[in-house]
Structure formats: structure tokens, C-alpha cells
>>> print(open('target05.cif').read())   # mmCIF, C-alpha atoms
data_final
loop_
_atom_site.label_atom_id
_atom_site.label_comp_id
_atom_site.auth_asym_id
_atom_site.auth_seq_id
_atom_site.Cartn_x
_atom_site.Cartn_y
_atom_site.Cartn_z
CA MET A 1 30.36 -17.47 -74.35
CA LYS A 2 29.77 -18.30 -70.69
CA ILE A 3 31.82 -16.37 -68.14
CA VAL A 4 33.32 -18.36 -65.26
CA LEU A 5 34.99 -17.12 -62.07
CA ILE A 6 37.10 -19.63 -60.16
CA THR A 7 38.58 -18.64 -56.81
CA GLY A 8 41.94 -20.04 -55.75
CA ALA A 9 42.64 -21.14 -59.32
CA SER A 10 46.42 -20.85 -59.48
CA ARG A 11 47.17 -24.37 -58.21
CA GLY A 12 45.73 -27.84 -57.68
CA ILE A 13 42.06 -28.50 -58.25
CA GLY A 14 41.22 -24.88 -59.13
CA ARG A 15 43.94 -24.79 -61.77
CA ALA A 16 42.75 -28.07 -63.31
CA ILE A 17 39.17 -26.78 -63.48
CA ALA A 18 40.31 -23.49 -65.05
CA LYS A 19 42.24 -25.33 -67.76
CA LYS A 20 39.44 -27.81 -68.44
CA LEU A 21 36.77 -25.12 -68.85
CA ALA A 22 38.97 -22.74 -70.86
CA GLU A 23 39.90 -25.54 -73.24
CA SER A 24 36.17 -26.29 -73.59
CA GLY A 25 35.42 -22.75 -74.77
CA TYR A 26 34.45 -20.96 -71.56
CA MET A 27 35.94 -17.59 -70.63
CA VAL A 28 37.63 -18.15 -67.28
CA ILE A 29 38.68 -15.54 -64.75
CA ALA A 30 41.17 -17.32 -62.52
CA ASN A 31 41.39 -15.68 -59.13
CA TYR A 32 44.54 -15.98 -57.05
CA ASN A 33 46.02 -14.29 -54.00
CA LYS A 34 49.63 -15.30 -53.26
CA SER A 35 50.69 -17.74 -56.00
CA GLU A 36 51.34 -15.12 -58.67
CA GLU A 37 53.91 -17.03 -60.73
CA GLU A 38 51.66 -20.09 -60.99
CA ALA A 39 48.73 -17.84 -61.93
CA LYS A 40 50.70 -16.13 -64.69
CA GLU A 41 51.44 -19.53 -66.24
CA LEU A 42 47.70 -19.86 -66.89
CA LEU A 43 47.85 -16.87 -69.24
CA LYS A 44 49.46 -19.15 -71.81
CA ILE A 45 46.06 -20.82 -72.23
CA ASN A 46 43.43 -19.19 -74.42
CA ASN A 47 40.30 -17.90 -72.65
CA ILE A 48 41.95 -17.43 -69.24
CA GLU A 49 42.37 -14.12 -67.48
CA ILE A 50 43.84 -13.84 -63.98
CA TYR A 51 42.77 -11.53 -61.17
CA LYS A 52 44.46 -11.01 -57.80
CA ALA A 53 42.12 -10.71 -54.81
CA ASP A 54 41.95 -11.96 -51.24
CA VAL A 55 38.53 -13.61 -51.12
CA THR A 56 38.41 -13.28 -47.33
CA LYS A 57 38.13 -9.50 -47.76
CA ARG A 58 34.76 -8.12 -48.86
CA GLU A 59 36.20 -4.99 -50.48
CA GLU A 60 38.57 -6.96 -52.70
CA VAL A 61 35.86 -9.43 -53.70
CA HIS A 62 33.49 -6.56 -54.54
CA LYS A 63 36.12 -4.92 -56.77
CA MET A 64 36.83 -8.20 -58.55
CA VAL A 65 33.16 -8.85 -59.25
CA GLU A 66 32.54 -5.29 -60.42
CA TYR A 67 35.53 -5.57 -62.76
CA ILE A 68 34.19 -8.77 -64.33
CA ILE A 69 30.68 -7.35 -64.71
CA SER A 70 31.98 -4.13 -66.26
CA LYS A 71 34.10 -6.06 -68.78
CA TYR A 72 31.89 -9.04 -69.60
CA GLY A 73 28.43 -7.95 -68.48
CA LYS A 74 27.69 -11.13 -66.53
CA ILE A 75 29.03 -14.05 -64.51
CA ASP A 76 27.40 -17.32 -65.51
CA VAL A 77 29.37 -19.69 -63.32
CA LEU A 78 31.02 -19.28 -59.92
CA ILE A 79 33.33 -21.98 -58.61
CA ASN A 80 34.30 -21.38 -54.98
CA ASN A 81 37.55 -23.30 -54.72
CA ALA A 82 39.85 -21.19 -52.51
CA GLY A 83 40.75 -23.02 -49.34
CA ILE A 84 43.40 -24.11 -46.86
CA ASP A 85 44.02 -27.17 -44.71
CA GLU A 86 45.79 -27.79 -41.41
CA TYR A 87 46.68 -30.97 -39.56
CA LYS A 88 46.42 -30.29 -35.82
CA LEU A 89 45.17 -31.75 -32.55
CA PHE A 90 41.84 -30.25 -31.55
CA THR A 91 43.30 -29.19 -28.17
CA ASP A 92 46.08 -27.30 -29.98
CA ILE A 93 43.81 -25.31 -32.30
CA THR A 94 44.00 -21.62 -31.41
CA ASP A 95 41.38 -18.95 -31.98
CA GLU A 96 43.63 -17.63 -34.74
CA ASP A 97 43.78 -21.08 -36.38
CA TRP A 98 40.00 -21.45 -36.18
CA ASN A 99 39.20 -17.99 -37.51
CA LYS A 100 41.68 -18.30 -40.38
CA MET A 101 40.21 -21.65 -41.42
CA ILE A 102 36.59 -20.48 -41.26
CA ASN A 103 37.36 -17.19 -43.02
CA THR A 104 39.31 -18.80 -45.84
CA ASN A 105 37.15 -21.87 -46.43
CA LEU A 106 33.64 -20.76 -45.49
CA TYR A 107 33.37 -16.97 -45.25
CA SER A 108 34.99 -16.63 -48.69
CA VAL A 109 32.20 -18.77 -50.15
CA PHE A 110 29.53 -16.68 -48.43
CA CYS A 111 31.15 -13.38 -49.42
CA THR A 112 31.93 -14.20 -53.06
CA THR A 113 28.57 -15.84 -53.67
CA GLN A 114 26.67 -12.94 -52.11
CA GLU A 115 28.50 -10.44 -54.28
CA ILE A 116 27.72 -12.38 -57.46
CA VAL A 117 24.30 -13.90 -56.92
CA LYS A 118 22.38 -10.65 -57.41
CA TYR A 119 23.60 -10.56 -61.01
CA MET A 120 22.63 -14.18 -61.54
CA ILE A 121 19.15 -13.50 -60.15
CA HIS A 122 18.79 -10.60 -62.59
CA GLU A 123 19.77 -12.88 -65.48
CA LYS A 124 17.57 -15.73 -64.19
CA PHE A 125 20.49 -18.06 -64.77
CA GLY A 126 23.53 -19.26 -62.88
CA CYS A 127 25.64 -22.17 -61.73
CA ILE A 128 27.49 -22.19 -58.42
CA ILE A 129 29.88 -24.99 -57.49
CA ASN A 130 31.45 -25.08 -54.05
CA ILE A 131 34.55 -27.22 -53.55
CA SER A 132 34.09 -29.02 -50.26
CA SER A 133 35.78 -32.21 -49.00
CA VAL A 134 34.92 -35.74 -48.01
CA TRP A 135 35.89 -34.63 -44.49
CA GLY A 136 32.96 -32.24 -44.55
CA ILE A 137 30.75 -35.33 -44.87
CA VAL A 138 32.35 -37.78 -42.43
CA GLY A 139 34.76 -35.66 -40.38
CA GLY A 140 38.53 -36.06 -40.20
CA SER A 141 40.62 -36.78 -37.13
CA LEU A 142 43.16 -34.02 -36.46
CA GLU A 143 41.32 -31.80 -38.95
CA THR A 144 38.38 -30.61 -36.85
CA HIS A 145 38.41 -26.97 -37.96
CA TYR A 146 38.91 -28.00 -41.60
CA SER A 147 36.07 -30.54 -41.38
CA ALA A 148 33.78 -27.98 -39.74
CA SER A 149 34.46 -25.42 -42.48
CA LYS A 150 33.70 -27.94 -45.22
CA ALA A 151 30.57 -29.21 -43.45
CA GLY A 152 29.45 -25.58 -43.39
CA ILE A 153 29.93 -25.39 -47.15
CA ASN A 154 27.74 -28.46 -47.59
CA GLY A 155 24.96 -26.93 -45.51
CA LEU A 156 25.23 -23.61 -47.34
CA THR A 157 25.05 -25.44 -50.67
CA LYS A 158 21.84 -27.30 -49.85
CA SER A 159 20.10 -24.29 -48.33
CA LEU A 160 21.06 -21.92 -51.14
CA ALA A 161 19.97 -24.41 -53.80
CA LYS A 162 16.44 -24.29 -52.40
CA GLU A 163 16.45 -20.50 -52.19
CA LEU A 164 17.88 -19.86 -55.66
CA GLY A 165 16.17 -22.66 -57.58
CA PRO A 166 13.17 -20.48 -58.54
CA SER A 167 15.65 -18.08 -60.18
CA ASN A 168 17.07 -20.92 -62.32
CA ILE A 169 20.34 -20.91 -60.37
CA ARG A 170 21.84 -24.30 -59.56
CA VAL A 171 24.05 -24.74 -56.50
CA ASN A 172 26.10 -27.89 -55.92
CA ALA A 173 29.20 -28.97 -54.04
CA ILE A 174 32.02 -31.31 -54.96
CA ALA A 175 33.54 -33.10 -51.96
CA PRO A 176 36.75 -34.75 -53.21
CA GLY A 177 38.46 -37.62 -51.45
CA VAL A 178 42.25 -37.80 -51.37
CA ILE A 179 43.58 -35.95 -54.42
CA GLU A 180 47.20 -35.58 -55.52
CA THR A 181 47.68 -31.88 -54.67
CA ASP A 182 49.89 -29.71 -52.47
CA MET A 183 47.18 -29.83 -49.80
CA ASN A 184 48.15 -33.45 -49.11
CA LYS A 185 51.89 -32.85 -49.06
CA ASN A 186 51.87 -33.58 -45.30
CA LEU A 187 51.18 -37.25 -46.13
CA THR A 188 54.15 -39.61 -46.48
CA GLN A 189 54.50 -42.04 -49.36
CA ASP A 190 53.63 -44.89 -47.01
CA GLU A 191 50.48 -43.09 -45.90
CA LEU A 192 49.48 -42.48 -49.52
CA LYS A 193 50.08 -46.14 -50.36
CA ASP A 194 47.89 -47.13 -47.41
CA LEU A 195 45.12 -44.83 -48.67
CA GLU A 196 45.39 -46.41 -52.11
CA TYR A 197 45.04 -49.84 -50.50
CA GLN A 198 41.92 -48.71 -48.60
CA THR A 199 40.32 -47.31 -51.78
CA PRO A 200 38.22 -49.80 -53.78
CA LEU A 201 39.51 -48.34 -57.06
CA GLY A 202 43.07 -48.75 -55.75
CA LYS A 203 44.34 -45.28 -56.56
CA ILE A 204 44.54 -41.66 -55.41
CA GLY A 205 42.53 -39.10 -57.36
CA GLU A 206 43.97 -36.49 -59.71
CA PRO A 207 42.88 -32.83 -60.04
CA GLU A 208 41.67 -33.71 -63.54
CA ASP A 209 39.09 -36.07 -61.99
CA ILE A 210 37.54 -33.16 -60.12
CA ALA A 211 37.77 -30.89 -63.16
CA LYS A 212 35.72 -33.39 -65.17
CA CYS A 213 33.06 -33.46 -62.44
CA ALA A 214 32.97 -29.65 -62.34
CA LYS A 215 32.55 -29.45 -66.12
CA TRP A 216 29.62 -31.86 -65.95
CA LEU A 217 27.93 -29.80 -63.24
CA VAL A 218 28.45 -26.62 -65.26
CA GLU A 219 26.78 -28.17 -68.29
CA ASP A 220 24.01 -30.09 -66.49
CA ASN A 221 20.54 -28.55 -66.28
CA PHE A 222 18.75 -30.56 -63.59
CA THR A 223 21.15 -31.18 -60.71
CA THR A 224 21.07 -28.86 -57.71
CA GLY A 225 21.53 -29.05 -53.96
CA GLN A 226 23.84 -32.05 -54.22
CA VAL A 227 27.15 -32.83 -52.53
CA ILE A 228 28.98 -35.10 -54.96
CA SER A 229 32.03 -36.94 -53.63
CA PRO A 230 34.51 -38.31 -56.17
CA ASN A 231 36.70 -40.42 -53.87
CA GLY A 232 37.30 -43.76 -55.58
CA GLY A 233 34.90 -45.48 -53.21
CA TRP A 234 37.09 -44.69 -50.20
CA ILE A 235 34.04 -43.28 -48.42
CA ILE A 236 30.57 -44.43 -49.42
CA THR A 237 27.63 -42.72 -47.69
#
>>> encode(input="target05.cif", output="C-alpha cells")
Amino acid sequence: MKIVLITGASRGIGRAIAKKLAESGYMVIANYNKSEEEAKELLKINNIEIYKADVTKREEVHKMVEYIISKYGKIDVLINNAGIDEYKLFTDITDEDWNKMINTNLYSVFCTTQEIVKYMIHEKFGCIINISSVWGIVGGSLETHYSASKAGINGLTKSLAKELGPSNIRVNAIAPGVIETDMNKNLTQDELKDLEYQTPLGKIGEPEDIAKCAKWLVEDNFTTGQVISPNGGWIIT
């Protein structure tokens, strides 16, 4: 059985991926930090274990990884999903805003991956999927610090794929378009309808759409270094 760690898995896209993989026979460790009640709901699903850790703190990440290794002996798949968003004028972004965004969205990916990758190298096998955003590809107005953090994930993904390829470790990113999650709760119904109109497929994505993409990347054997953007054709690059 393959062992999967998903960060920020209590809600939204991370939760959908956790359910999809667990139901497909993978053993999933669903990391969470604050959303404890939502995380506990996942325990009703077979093959899911939850673990509380702040992935912006190296010590907590190290303890989580050591726990998984001591219990299961390996980590086959890492899905870096934990992240935050903020809608703010560039001139209003404070140092605190910037540092929180970069730490949560980008440093957590660096830290968690670095703690795990040594075990993957030893096993000569691994799959790393980083959840980015379409804004990391094209940039988003009023989301400069968010866009910068996700663009950083895309660069990290491509670079690490080249470095880890010889160790049979695949590294890819998924850059979703507009998905029906709490992260987009700042959008009004009119704004969502407008986005649907602008999307060639005429609809907003669901977390399940991203979960299906993640499952494919987990099971694929020849895709690495790619930033895949399921967005209904809203952005085509």
C-alpha cells in the first residue's frame, strides 16, 4: 500500500484529494492545523489518518514526518496543498501580510519537501505534487503576494523535477482555476456568474476535478516537471 501525506487536507481541494486517494486504496495521512472538527470527519473514511502540524514550522513538520516514517516505514507521495489567499491592493500589503503568505504557501512546500525527500531518494521512488494556482502562471490583480507565492511553487516544481528525476522521483504542480471552495468565498454570486460566462466550458470547477487530476499524477509514471492547470479553458497558455 502506498503511503500519502497531504498537507492542509481538512477542507477544500486537500480534503477532496484525501477522500479520492483513500477510496482508491491508498493510506492517507491528512495534515491539518486549525480545522480540527473538519479533519476529524475524515476519520469516518477508511485508510485516512489525521495529524495536526503547522507546516510553516520546521520542528512540527520534522515530528510529523518522523512519526509517519516510524509507523509506515516510508512516504511514497507528498501533496503540498496547505495555503492561504488574500485580496488586497499591492500598496496596502504589509510586511506581515507578505511574510505570512510566503511562509504558508511557499516555505511550507520547501520545508515539508526537504524533510521527506531524503527518504524518497533512499527508496529511489517518490511522487510530489504541489498545489499552485492559475494566478501563479498569469498573475492576479489585487493578489500580488498570493500570485508571487504560487509562481514560486511553479519554479520550485520545475527545478526540483530536474534534480530528483535521476532518483525516480516525479515532481509536478497543479494550478487550478476558479474552484468552488472557501478560498473563493470573497467572490459574490454575480462575480462567480461572470467567471462562468468567461470560461469556455461555462462552469466553475469543483474540488473533485482537482482530486481526479492529482490521482492521475500519482499513478502516472512518465510526467514530471509540469504545471497542469485545470481551469475550464478560462486561461489558456
>>> resolve_selection(input="target05.cif", expression="the PyMOL selection byres ((chain A and resi 72) around 12)", output="number ranges by chain")
A: 1-5, 27-29, 49, 65-71, 73-76
>>> closest_residue(input="target05.cif", among="A:Gly12, A:Pro176, A:Gly205, A:Pro166", to="Asn130 (chain A)", atoms="all atoms listed in the file")
A:Pro176
>>> closest_residue(input="target05.cif", among="A:Cys127, A:Met120, A:Ile169, A:Ile153", to="Asn103 (chain A)", atoms="only C-alpha atoms")
A:Ile153
>>> closest_residue(input="target05.cif", among="A:Gln198, A:Thr94, A:Thr104, A:Thr7", to="Ile235 (chain A)", atoms="only C-alpha atoms")
A:Gln198
>>> resolve_selection(input="target05.cif", expression="the PyMOL selection byres ((chain A and resi 213) around 10)", output="PyMOL selection string")
chain A and resi 17+174+208-212+214-218+228-230
>>> closest_residue(input="target05.cif", among="A:Pro200, A:Gly140, A:Gly165, A:Gly14", to="Gly225 (chain A)", atoms="only C-alpha atoms")
A:Gly165
>>> residues_around(input="target05.cif", residues="region 80-84 of chain A", least_positions_apart="4", cutoff="10 Å", atoms="all atoms listed in the file", output="PyMOL selection string")
chain A and resi 5-15+17+31-33+54-56+100-106+108-110+112-113+128-132+146+149-150+153+173-174+183
>>> closest_residue(input="target05.cif", among="A:Lys158, A:Lys52, A:Asn172, A:Pro207", to="Lys20 (chain A)", atoms="all atoms listed in the file")
A:Pro207
>>> closest_residue(input="target05.cif", among="A:Glu191, A:Ile236, A:His62, A:Ala30", to="Glu115 (chain A)", atoms="all atoms listed in the file")
A:His62
>>> residues_around(input="target05.cif", residues="Asn168 (chain A)", least_positions_apart="2", cutoff="7 Å", atoms="all atoms listed in the file", output="PyMOL selection string")
chain A and resi 124-126+164-166+170
>>> atom_distance(input="target05.cif", atom1="CA of Gly155 (chain A)", atom2="CA of Cys111 (chain A)")
15.4 Å
